[in-house]
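Below is structure.cif, which holds mmCIF, C-alpha atoms.
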data_model
#
loop_
_atom_site.label_atom_id
_atom_site.label_comp_id
_atom_site.auth_asym_id
_atom_site.auth_seq_id
_atom_site.Cartn_x
_atom_site.Cartn_y
_atom_site.Cartn_z
CA MET B 1 -11.13 -9.07 46.87
CA SER B 2 -13.44 -11.41 44.95
CA GLU B 3 -11.82 -14.24 46.82
CA ALA B 4 -12.69 -12.68 50.18
CA LYS B 5 -16.25 -12.05 49.02
CA SER B 6 -16.78 -15.63 47.95
CA ILE B 7 -15.50 -16.86 51.28
CA ASP B 8 -17.65 -14.58 53.41
CA GLY B 9 -20.71 -14.13 51.26
CA MET B 10 -21.17 -17.07 48.97
CA GLN B 11 -20.13 -20.11 50.95
CA PRO B 12 -20.47 -19.33 54.63
CA ALA B 13 -21.63 -22.80 55.62
CA LYS B 14 -18.57 -24.68 54.37
CA PRO B 15 -15.97 -25.78 56.89
CA GLN B 16 -12.96 -23.55 57.43
CA ALA B 17 -10.46 -25.94 55.86
CA ALA B 18 -12.32 -26.09 52.54
CA THR B 19 -12.85 -22.34 52.12
CA ALA B 20 -9.59 -20.94 53.43
CA VAL B 21 -7.25 -19.66 50.75
CA SER B 22 -4.25 -21.90 50.56
CA ARG B 23 -0.79 -20.36 50.40
CA ARG B 24 -0.36 -21.74 46.88
CA ASP B 25 -3.62 -20.19 45.66
CA PHE B 26 -2.83 -16.90 47.37
CA LEU B 27 0.58 -16.66 45.73
CA GLY B 28 -0.93 -17.70 42.42
CA GLU B 29 -3.55 -14.96 42.54
CA ILE B 30 -1.01 -12.37 43.66
CA THR B 31 1.23 -13.36 40.76
CA LEU B 32 -1.59 -13.18 38.24
CA GLY B 33 -2.66 -9.81 39.61
CA ALA B 34 0.89 -8.47 39.43
CA LEU B 35 1.25 -9.74 35.87
CA GLY B 36 -2.07 -8.10 34.97
CA VAL B 37 -1.00 -4.74 36.40
CA ALA B 38 2.38 -5.02 34.68
CA GLY B 39 0.63 -5.92 31.41
CA LEU B 40 -1.68 -2.91 31.61
CA GLY B 41 1.29 -0.70 32.41
CA ALA B 42 3.26 -2.12 29.51
CA GLY B 43 0.31 -1.46 27.20
CA ALA B 44 0.03 2.14 28.38
CA LEU B 45 3.80 2.71 28.03
CA THR B 46 3.77 1.22 24.53
CA TYR B 47 0.91 3.50 23.50
CA GLN B 48 2.80 6.51 24.88
CA TYR B 49 5.97 5.41 23.12
CA PHE B 50 4.14 5.27 19.79
CA SER B 51 2.59 8.74 20.20
CA PRO B 52 5.27 11.24 19.18
CA ASN B 53 5.63 14.35 21.34
CA VAL B 54 7.53 16.42 18.80
CA LEU B 55 6.40 16.55 15.18
CA PHE B 56 8.26 17.95 12.21
CA GLU B 57 5.19 18.96 10.25
CA PRO B 58 4.31 22.23 8.48
CA ALA B 59 3.38 25.04 10.89
CA THR B 60 -0.36 25.46 11.37
CA THR B 61 -0.10 29.27 11.52
CA PHE B 62 1.33 31.07 8.51
CA ARG B 63 1.57 34.50 6.91
CA ALA B 64 -0.18 34.74 3.55
CA GLY B 65 1.51 38.00 2.50
CA ASN B 66 0.15 41.45 1.77
CA PRO B 67 -3.60 41.64 1.02
CA ASP B 68 -2.82 43.51 -2.20
CA LEU B 69 -1.38 40.26 -3.61
CA TYR B 70 -4.91 38.97 -4.02
CA PRO B 71 -7.07 40.64 -6.71
CA LEU B 72 -10.75 41.28 -6.12
CA ASP B 73 -13.05 38.27 -6.81
CA SER B 74 -10.18 35.78 -6.85
CA VAL B 75 -9.45 32.36 -5.40
CA THR B 76 -5.75 31.70 -4.77
CA PHE B 77 -4.43 28.24 -3.91
CA LEU B 78 -1.47 28.18 -1.51
CA GLN B 79 0.06 24.80 -2.25
CA ASP B 80 2.43 24.52 0.73
CA GLN B 81 -0.34 25.31 3.21
CA GLN B 82 -3.20 23.62 1.34
CA VAL B 83 -5.45 26.67 1.80
CA TYR B 84 -7.43 28.88 -0.58
CA ILE B 85 -7.32 32.62 0.05
CA VAL B 86 -10.58 33.98 -1.34
CA ARG B 87 -11.12 37.70 -1.86
CA THR B 88 -14.65 38.94 -2.46
CA PRO B 89 -16.04 42.49 -2.39
CA GLY B 90 -16.98 41.74 1.24
CA GLY B 91 -13.42 40.87 2.29
CA PHE B 92 -11.02 37.97 2.75
CA TYR B 93 -11.51 34.45 3.97
CA ALA B 94 -9.36 31.33 4.09
CA VAL B 95 -10.88 27.99 3.01
CA SER B 96 -9.25 24.63 3.66
CA ALA B 97 -8.18 22.85 0.47
CA VAL B 98 -8.28 19.43 2.15
CA CYS B 99 -11.39 17.48 1.13
CA THR B 100 -13.61 16.56 4.09
CA HIS B 101 -14.20 13.12 2.56
CA LEU B 102 -10.84 11.34 2.79
CA GLY B 103 -8.24 14.07 2.95
CA CYS B 104 -7.21 14.56 -0.69
CA VAL B 105 -6.15 18.05 -1.76
CA THR B 106 -8.84 19.72 -3.88
CA GLN B 107 -8.27 21.95 -6.91
CA TRP B 108 -9.73 25.31 -7.87
CA LYS B 109 -11.43 25.12 -11.25
CA ALA B 110 -11.72 28.76 -12.32
CA GLU B 111 -13.60 27.95 -15.55
CA ALA B 112 -16.34 26.11 -13.64
CA ASN B 113 -16.16 28.47 -10.63
CA MET B 114 -15.89 25.55 -8.22
CA ILE B 115 -13.47 23.64 -6.03
CA ALA B 116 -13.23 19.99 -7.11
CA CYS B 117 -11.59 16.94 -5.51
CA PRO B 118 -9.63 14.67 -7.88
CA CYS B 119 -9.96 11.56 -5.71
CA HIS B 120 -13.70 10.91 -5.50
CA GLY B 121 -15.31 13.84 -7.33
CA SER B 122 -16.62 16.01 -4.49
CA LYS B 123 -17.46 19.57 -5.58
CA PHE B 124 -17.59 22.77 -3.54
CA THR B 125 -18.38 26.44 -4.14
CA PRO B 126 -15.57 28.99 -3.58
CA GLU B 127 -17.13 29.53 -0.13
CA GLY B 128 -16.51 25.83 0.61
CA LYS B 129 -20.20 24.89 0.47
CA LYS B 130 -20.80 21.36 -0.75
CA ILE B 131 -22.30 21.09 -4.25
CA GLU B 132 -21.87 17.37 -4.65
CA GLY B 133 -20.68 14.47 -2.44
CA PRO B 134 -19.28 12.12 -1.31
CA ALA B 135 -17.78 14.73 1.03
CA PRO B 136 -19.90 14.76 4.21
CA ARG B 137 -19.19 18.36 5.29
CA PRO B 138 -18.37 21.72 3.69
CA LEU B 139 -14.75 22.86 3.59
CA PRO B 140 -13.94 24.66 6.86
CA HIS B 141 -12.96 28.33 7.04
CA TYR B 142 -9.80 29.13 8.98
CA SER B 143 -9.19 32.13 11.20
CA ILE B 144 -7.73 34.96 9.12
CA THR B 145 -6.43 38.19 10.65
CA LEU B 146 -4.05 41.03 9.89
CA THR B 147 -0.66 41.20 11.55
CA ALA B 148 0.65 44.47 12.97
CA ASP B 149 2.64 45.05 9.78
CA GLY B 150 -0.42 44.56 7.60
CA GLU B 151 0.00 40.97 6.35
CA LEU B 152 -2.64 38.25 6.29
CA LEU B 153 -2.22 35.67 9.06
CA VAL B 154 -4.02 32.32 8.82
CA ASP B 155 -4.40 29.91 11.75
CA LYS B 156 -5.37 26.42 10.59
CA LEU B 157 -6.12 25.22 14.11
CA GLN B 158 -8.99 27.71 14.46
CA THR B 159 -12.03 27.24 12.26
CA ILE B 160 -14.52 30.11 12.09
CA LYS B 161 -18.07 30.57 10.85
CA THR B 162 -18.47 30.88 7.09
CA ASP B 163 -20.05 34.33 7.33
CA GLN B 164 -17.04 35.77 9.17
CA VAL B 165 -14.81 37.62 6.72
CA LEU B 166 -11.81 39.85 7.15
CA LYS B 167 -13.04 43.25 5.88
CA ALA B 168 -10.84 44.49 3.10
CA MET S 1 26.32 -48.10 -11.93
CA THR S 2 26.01 -49.79 -8.58
CA SER S 3 28.69 -47.56 -7.12
CA ILE S 4 26.30 -44.57 -6.69
CA PRO S 5 23.71 -46.47 -4.61
CA ASN S 6 26.57 -47.98 -2.68
CA ALA S 7 28.02 -44.54 -1.99
CA LEU S 8 24.60 -43.25 -0.88
CA GLU S 9 24.25 -46.28 1.37
CA THR S 10 27.66 -45.58 2.89
CA ILE S 11 26.60 -41.99 3.58
CA ARG S 12 23.36 -43.17 5.17
CA GLN S 13 25.26 -45.51 7.44
CA SER S 14 27.75 -42.82 8.43
CA ARG S 15 27.95 -41.24 11.88
CA VAL S 16 27.20 -37.76 10.51
CA TRP S 17 24.00 -38.87 8.77
CA LYS S 18 22.82 -40.73 11.85
CA SER S 19 23.65 -37.75 14.03
CA ILE S 20 21.50 -35.46 11.87
CA PHE S 21 18.57 -37.78 11.15
CA ARG S 22 18.74 -39.92 14.29
CA ARG S 23 17.83 -43.09 12.39
CA GLY S 24 19.03 -45.61 9.86
CA PRO S 25 17.59 -46.26 6.40
CA ALA S 26 13.77 -46.04 6.11
CA LEU S 27 13.03 -49.46 4.72
CA THR S 28 9.88 -50.48 6.58
CA ASN S 29 6.58 -48.65 7.15
CA ARG S 30 7.54 -48.18 10.78
CA THR S 31 10.91 -46.58 10.06
CA ARG S 32 9.31 -44.46 7.31
CA SER S 33 6.76 -43.17 9.83
CA ILE S 34 9.54 -42.41 12.29
CA ALA S 35 11.38 -40.55 9.54
CA VAL S 36 8.37 -38.21 9.09
CA PHE S 37 7.66 -37.86 12.82
CA GLY S 38 11.27 -37.04 13.65
CA ASN S 39 11.75 -34.27 11.10
CA LEU S 40 10.92 -30.68 12.08
CA PHE S 41 9.88 -29.80 8.54
CA LEU S 42 7.79 -32.92 7.93
CA HIS S 43 6.38 -33.78 11.33
CA TRP S 44 2.99 -32.14 10.73
CA LEU S 45 2.46 -34.10 7.54
CA PRO S 46 0.51 -37.36 7.68
CA VAL S 47 2.74 -40.42 7.49
CA LYS S 48 0.36 -41.98 4.98
CA VAL S 49 -1.80 -40.35 2.33
CA ARG S 50 -4.35 -41.82 -0.01
CA GLU S 51 -3.56 -41.65 -3.67
CA LYS S 52 -6.86 -39.83 -4.17
CA SER S 53 -5.81 -36.91 -2.02
CA LEU S 54 -2.74 -36.38 -4.19
CA ARG S 55 -4.76 -36.15 -7.39
CA VAL S 56 -4.48 -32.74 -9.04
CA ARG S 57 -7.73 -30.81 -9.31
CA ALA S 58 -8.32 -27.41 -10.86
CA ALA S 59 -8.44 -25.49 -7.59
CA TYR S 60 -6.36 -27.87 -5.50
CA TYR S 61 -3.13 -25.94 -5.20
CA LEU S 62 -4.47 -22.42 -4.59
CA GLY S 63 -3.31 -22.41 -0.96
CA SER S 64 0.06 -23.96 -1.82
CA LEU S 65 0.54 -21.41 -4.60
CA SER S 66 -0.27 -18.60 -2.16
CA PHE S 67 2.43 -19.96 0.13
CA LEU S 68 4.87 -20.26 -2.77
CA LEU S 69 4.20 -16.59 -3.61
CA PHE S 70 4.77 -15.73 0.06
CA LEU S 71 8.20 -17.39 -0.15
CA ILE S 72 9.00 -15.54 -3.39
CA LEU S 73 7.93 -12.28 -1.73
CA VAL S 74 10.14 -12.94 1.30
CA ILE S 75 13.18 -13.68 -0.87
CA THR S 76 12.70 -10.76 -3.30
CA GLY S 77 11.74 -8.48 -0.40
CA VAL S 78 14.90 -9.25 1.54
CA LEU S 79 16.94 -8.57 -1.61
CA LEU S 80 15.15 -5.24 -2.15
CA MET S 81 15.97 -4.25 1.44
CA PHE S 82 19.67 -4.14 0.55
CA TYR S 83 19.06 -1.05 -1.62
CA TYR S 84 16.16 0.63 0.19
CA HIS S 85 16.27 3.31 2.90
CA PRO S 86 12.92 3.92 4.62
CA ALA S 87 13.41 7.70 4.76
CA ALA S 88 11.87 10.57 2.80
CA PRO S 89 12.79 11.48 0.10
CA LYS S 90 15.53 8.79 -0.18
CA ALA S 91 12.95 6.02 -0.40
CA TYR S 92 11.62 7.35 -3.72
CA HIS S 93 15.14 7.69 -5.16
CA ASP S 94 16.03 4.17 -4.01
CA MET S 95 12.92 2.85 -5.75
CA LYS S 96 13.94 4.71 -8.93
CA ASP S 97 17.50 3.37 -8.61
CA LEU S 98 16.16 -0.15 -8.28
CA ARG S 99 14.26 0.36 -11.51
CA PHE S 100 16.93 2.09 -13.60
CA VAL S 101 20.38 1.75 -12.02
CA VAL S 102 20.74 -1.45 -9.98
CA SER S 103 21.52 -4.58 -12.00
CA ASN S 104 18.41 -6.77 -12.21
CA GLY S 105 16.75 -4.37 -9.76
CA VAL S 106 13.74 -3.87 -12.00
CA PHE S 107 13.33 -7.64 -12.25
CA LEU S 108 13.33 -8.10 -8.47
CA ARG S 109 11.12 -5.09 -7.83
CA ASN S 110 8.55 -6.19 -10.39
CA MET S 111 8.69 -9.76 -9.13
CA HIS S 112 7.92 -8.44 -5.65
CA ARG S 113 5.20 -6.07 -6.85
CA ILE S 114 3.45 -8.43 -9.27
CA GLY S 115 3.92 -11.33 -6.84
CA ALA S 116 2.13 -9.29 -4.18
CA HIS S 117 -0.78 -8.56 -6.53
CA LEU S 118 -0.98 -12.24 -7.48
CA MET S 119 -0.84 -13.32 -3.85
CA VAL S 120 -3.90 -11.21 -2.99
CA LEU S 121 -5.68 -12.70 -6.01
CA LEU S 122 -4.73 -16.29 -5.12
CA VAL S 123 -5.54 -15.89 -1.43
CA PHE S 124 -9.02 -14.74 -2.40
CA ALA S 125 -9.35 -17.59 -4.91
CA HIS S 126 -8.26 -20.04 -2.19
CA LEU S 127 -10.81 -18.52 0.20
CA PHE S 128 -13.63 -18.84 -2.35
CA HIS S 129 -12.63 -22.42 -3.19
CA VAL S 130 -12.61 -23.45 0.47
CA PHE S 131 -15.87 -21.61 1.09
CA TYR S 132 -17.74 -23.25 -1.78
CA ARG S 133 -16.43 -26.66 -0.74
CA GLY S 134 -17.78 -26.09 2.79
CA GLY S 135 -14.34 -25.79 4.35
CA TYR S 136 -15.66 -23.60 7.18
CA LYS S 137 -17.81 -26.43 8.62
CA PRO S 138 -16.78 -28.65 11.55
CA PRO S 139 -14.06 -29.67 12.21
CA HIS S 140 -12.55 -26.88 10.11
CA GLU S 141 -14.02 -23.81 11.87
CA PHE S 142 -10.83 -22.87 13.69
CA ASN S 143 -8.70 -23.18 10.59
CA TRP S 144 -11.23 -21.07 8.68
CA VAL S 145 -10.72 -18.31 11.26
CA ILE S 146 -6.93 -18.68 10.97
CA GLY S 147 -7.42 -18.36 7.21
CA VAL S 148 -9.35 -15.11 7.66
CA VAL S 149 -6.50 -13.81 9.85
CA LEU S 150 -4.07 -14.74 7.06
CA LEU S 151 -6.25 -12.91 4.52
CA LEU S 152 -6.14 -9.79 6.70
CA LEU S 153 -2.36 -10.15 7.12
CA THR S 154 -2.00 -10.43 3.33
CA LEU S 155 -4.03 -7.24 2.86
CA PHE S 156 -2.10 -5.37 5.59
CA LEU S 157 1.18 -6.48 4.00
CA SER S 158 -0.04 -5.18 0.64
CA TYR S 159 -1.18 -1.91 2.14
CA THR S 160 2.00 -1.24 4.14
CA GLY S 161 4.14 -2.19 1.14
CA TYR S 162 2.16 0.21 -1.03
CA LEU S 163 3.56 3.24 0.84
CA LEU S 164 7.20 2.24 0.52
CA PRO S 165 7.88 3.55 -3.05
CA TRP S 166 7.00 6.97 -1.58
CA ASP S 167 5.45 8.25 -4.81
CA GLN S 168 2.22 10.16 -5.36
CA LEU S 169 0.17 6.97 -5.65
CA ALA S 170 1.55 5.69 -2.34
CA PHE S 171 1.12 9.00 -0.55
CA TRP S 172 -2.50 9.53 -1.52
CA ALA S 173 -3.49 5.89 -1.06
CA VAL S 174 -2.24 5.99 2.51
CA THR S 175 -3.70 9.47 3.12
CA VAL S 176 -7.11 8.18 2.04
CA GLY S 177 -6.71 4.84 3.84
CA THR S 178 -5.71 6.33 7.16
CA ASN S 179 -8.53 8.86 6.91
CA ILE S 180 -10.84 5.85 6.73
CA ILE S 181 -9.28 4.75 10.06
CA SER S 182 -10.25 8.08 11.62
CA ALA S 183 -13.90 7.37 10.75
CA MET S 184 -13.85 4.82 13.60
CA PRO S 185 -16.04 6.07 16.46
CA VAL S 186 -14.37 7.68 19.50
CA ILE S 187 -10.82 6.34 19.05
CA GLY S 188 -10.54 6.88 15.27
CA SER S 189 -8.35 9.99 15.20
CA LYS S 190 -6.10 8.61 17.99
CA VAL S 191 -5.58 5.33 16.11
CA ARG S 192 -4.74 7.31 12.96
CA PHE S 193 -2.27 9.47 14.88
CA VAL S 194 -0.48 6.44 16.34
CA THR S 195 -0.53 4.58 13.01
CA LEU S 196 1.05 7.50 11.16
CA GLY S 197 3.13 8.81 14.05
CA GLY S 198 1.77 12.26 13.23
CA ASN S 199 -1.09 14.12 11.62
CA ILE S 200 0.12 13.75 8.05
CA VAL S 201 1.71 10.95 6.02
CA GLY S 202 5.36 11.83 6.63
CA GLU S 203 8.71 10.38 7.68
CA ASN S 204 7.28 8.69 10.76
CA ALA S 205 4.53 7.02 8.76
CA LEU S 206 7.02 5.71 6.19
CA LEU S 207 9.24 4.21 8.89
CA ARG S 208 6.30 2.70 10.77
CA PHE S 209 4.87 1.11 7.64
CA TYR S 210 8.34 -0.18 6.75
CA VAL S 211 8.84 -1.89 10.12
CA LEU S 212 5.34 -3.38 9.93
CA HIS S 213 5.97 -4.52 6.35
CA VAL S 214 9.38 -6.15 6.80
CA VAL S 215 9.31 -7.42 10.40
CA ILE S 216 6.05 -7.55 12.31
CA LEU S 217 3.53 -8.64 9.67
CA PRO S 218 5.80 -11.27 8.02
CA LEU S 219 6.58 -12.83 11.42
CA LEU S 220 2.87 -12.97 12.24
CA ALA S 221 2.19 -14.44 8.80
CA VAL S 222 4.80 -17.19 9.31
CA LEU S 223 3.29 -18.02 12.70
CA PHE S 224 -0.27 -18.23 11.37
CA ILE S 225 0.79 -20.07 8.20
CA GLY S 226 2.40 -22.69 10.47
CA ILE S 227 -0.79 -23.13 12.48
CA HIS S 228 -2.85 -23.14 9.27
CA PHE S 229 -0.84 -25.94 7.62
CA TRP S 230 -0.70 -27.98 10.80
CA ARG S 231 -4.47 -27.75 11.24
CA VAL S 232 -5.11 -28.71 7.60
CA GLN S 233 -3.37 -31.99 8.38
CA LYS S 234 -4.97 -32.51 11.77
CA ASP S 235 -8.48 -31.70 10.50
CA GLY S 236 -8.04 -34.18 7.66
CA GLY S 237 -7.73 -32.15 4.50
CA LEU S 238 -9.12 -28.90 3.22
CA THR S 239 -12.81 -29.63 3.10
CA VAL S 240 -15.48 -31.86 4.58
CA LYS S 241 -15.18 -35.35 3.16
CA SER S 242 -17.24 -37.71 5.26
CA LYS S 243 -16.48 -40.55 2.87
CA ASP S 244 -14.16 -41.24 0.03
CA ASP S 245 -15.40 -41.90 -3.47
CA ASP S 246 -14.84 -45.57 -2.78
CA GLY S 247 -17.02 -45.38 0.32
CA ARG S 248 -14.36 -45.56 3.02
CA ASP S 249 -14.46 -43.21 5.99
#

So, in terms of structure tokens, how does the structure I just supplied come out?
Amino acid sequence: MSEAKSIDGMQPAKPQAATAVSRRDFLGEITLGALGVAGLGAGALTYQYFSPNVLFEPATTFRAGNPDLYPLDSVTFLQDQQVYIVRTPGGFYAVSAVCTHLGCVTQWKAEANMIACPCHGSKFTPEGKKIEGPAPRPLPHYSITLTADGELLVDKLQTIKTDQVLKA
Amino acid sequence: MTSIPNALETIRQSRVWKSIFRRGPALTNRTRSIAVFGNLFLHWLPVKVREKSLRVRAAYYLGSLSFLLFLILVITGVLLMFYYHPAAPKAYHDMKDLRFVVSNGVFLRNMHRIGAHLMVLLVFAHLFHVFYRGGYKPPHEFNWVIGVVLLLLTLFLSYTGYLLPWDQLAFWAVTVGTNIISAMPVIGSKVRFVTLGGNIVGENALLRFYVLHVVILPLLAVLFIGIHFWRVQKDGGLTVKSKDDDGRD
């Protein structure tokens, strides 16, 4: 296409013999173009190949058991799910235990009434609000609902507003 | 006593010797030059060096020592591969076996581990030495860039190797490191996903880091080390020396 443009638009005054695309040049450009397309395709295929379609990772939705398991005014760390189940007089909420800085798992420090990260010292309130950096954001709250048989159900793919609680 | 030189001379004149080295004895400057030119392992070396350039200085062998450590790491690494499975949780148990069960395993593992730490240290020392001696100036710019690539390869090799023991230190180091990747604008989380082969540091990540550590990065390192050494010779030494101490160009 650029070849055609340069012939018609850029050098119209030149004699036909000098501007015509020779067979050798034509085949050369076609070959380069084909190699380029094949290269792009190979890149795309490689990227697809390296992106797994099936993952064997912990489920993002899990049952957290009967609400009665959690005493009033308590923060409970669920190690396998890396979530805190917090029960306040207002109700239940689920706070992510994964630090928003670089992904370390935080710890609940009952004596200091705060959530602290062992990696770089970020501190959060039990509501997940940031007290001290370097974490850039508060800990997210996950969707928490009751199943039909009365158990807590947490969905880690859905974050909700911090003022939304599951009424006890 | 003359029988040994005679025997060596007989070997040098033999058909097998001539078939391998494609020349007779190197007795003149010309045949000595041909001996260097015609050898795959020597051909990038200069056929003549000044005595001055062979003099030992404090920081002279930093690059050579880095390369020596690279060779040690290749040899010990290949030996470690005979007892290591890149699969969770077997990888951790294999590492423990290497330390406590396999004969001389702890020696090889520590040689590999400490050698890797030392290599990072020496590569940086080499970089600083070349930098302070002006080794990035013409005609050395290209080789400086190759050197930076080699520095990055050294760091990537260290980082991918760090995950392989599959212990807490490894897991959290790579969790933190790959979260830094996801801070990249726009493509960050995609790059992290493809690097780890998932959303968390798991089996896929271990295998990917293993393949990078034992195949892809070492091959790239060998390639760039080759170019680096060749260019050191072609550019005329490590640093800018417009004239010798004795005033010659």

Checklist line | 7 Å contacts from chain S to chain B using all atoms listed in the file, as a PyMOL selection string | finding: chain S and resi 172+175-176+179-180+194+197-198

Check: Interatomic distance between CA of His120 (chain B) and CA of Asn204 (chain S)?
Finding: 26.6 Å

Next item on the list: Please identify all polymer residues within 9 Å of region 124-127 of chain S, counting only C-alpha atoms, omitting same-chain residues fewer than 3 positions from it, and present them as JSON, numbers by chain.
Entry: {"S": [59, 60, 61, 62, 63, 66, 119, 120, 121, 130, 131, 132, 144, 147, 148, 151]}

Notebook entry, point to check: So, counting all atoms listed in the file, which residue among B:Val95, B:Leu139, B:Ala20, B:Leu32 is closest to Gln81 (chain B)?
Noted result: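 Closest candidate: B:Val95.
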
Note to self: Please expand the PyMOL selection byres ((chain S and resi 146) around 12) into the concrete residues it hits in this file, giving the result as a ChimeraX atom specification.
What the structure shows: /S:127,136,140-145,147-153,220-232

Next item on the list: Place a sphere of radius 6 Å on (7.0, -0.2, 4.9) in the file coordinates and name every protein, DNA or RNA residue with an atom inside or on its surface, counting all atoms listed in the file; give the answer as a PyMOL selection string.
Entry: chain S and resi 160-161+164+209-211+213

Produce a file of the selected residues containing C-alpha atoms, as a short mmCIF file (atom, residue, chain, number, x, y, z; two decimals), keeping the file's coordinate frame.
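File written: selection_5.cif
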data_model
loop_
_atom_site.label_atom_id
_atom_site.label_comp_id
_atom_site.auth_asym_id
_atom_site.auth_seq_id
_atom_site.Cartn_x
_atom_site.Cartn_y
_atom_site.Cartn_z
CA THR S 160 2.00 -1.24 4.14
CA GLY S 161 4.14 -2.19 1.14
CA LEU S 164 7.20 2.24 0.52
CA PHE S 209 4.87 1.11 7.64
CA TYR S 210 8.34 -0.18 6.75
CA VAL S 211 8.84 -1.89 10.12
CA HIS S 213 5.97 -4.52 6.35
#

Next item on the list: Could you list the residues chosen by the PyMOL selection byres ((chain B and resi 127) around 9) in this structure as a list in words?
Entry: Val86, Tyr93, Val95, Phe124, Thr125, Pro126, Gly128, Lys129, Lys130, Pro138, Leu139, His141 and Thr162 of chain B

Next item on the list: Determine the residue membership of the PyMOL selection byres ((chain B and resi 63) around 10) for the file above and supply it as a list in words.
Entry: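 Checked against the file, the PyMOL selection byres ((chain B and resi 63) around 10) matches Thr61, Phe62, Ala64, Gly65, Asn66, Ile144, Thr145, Leu146, Thr147, Glu151, Leu152, Leu153, Val154 and Asp155 of chain B.
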
Item checked: Residues near region 7-22 of chain S, cut-off 8 Å, only C-alpha atoms, skip fewer than 6 positions along chain, as a PyMOL selection string -> chain S and resi 35+38-39

Next item on the list: Might you pull out every residue within 8 Å of Thr88 (chain B), with all atoms listed in the file counted and same-chain residues fewer than 4 positions away left off, and present them as a PyMOL selection string?
Entry: chain B and resi 72-74+92
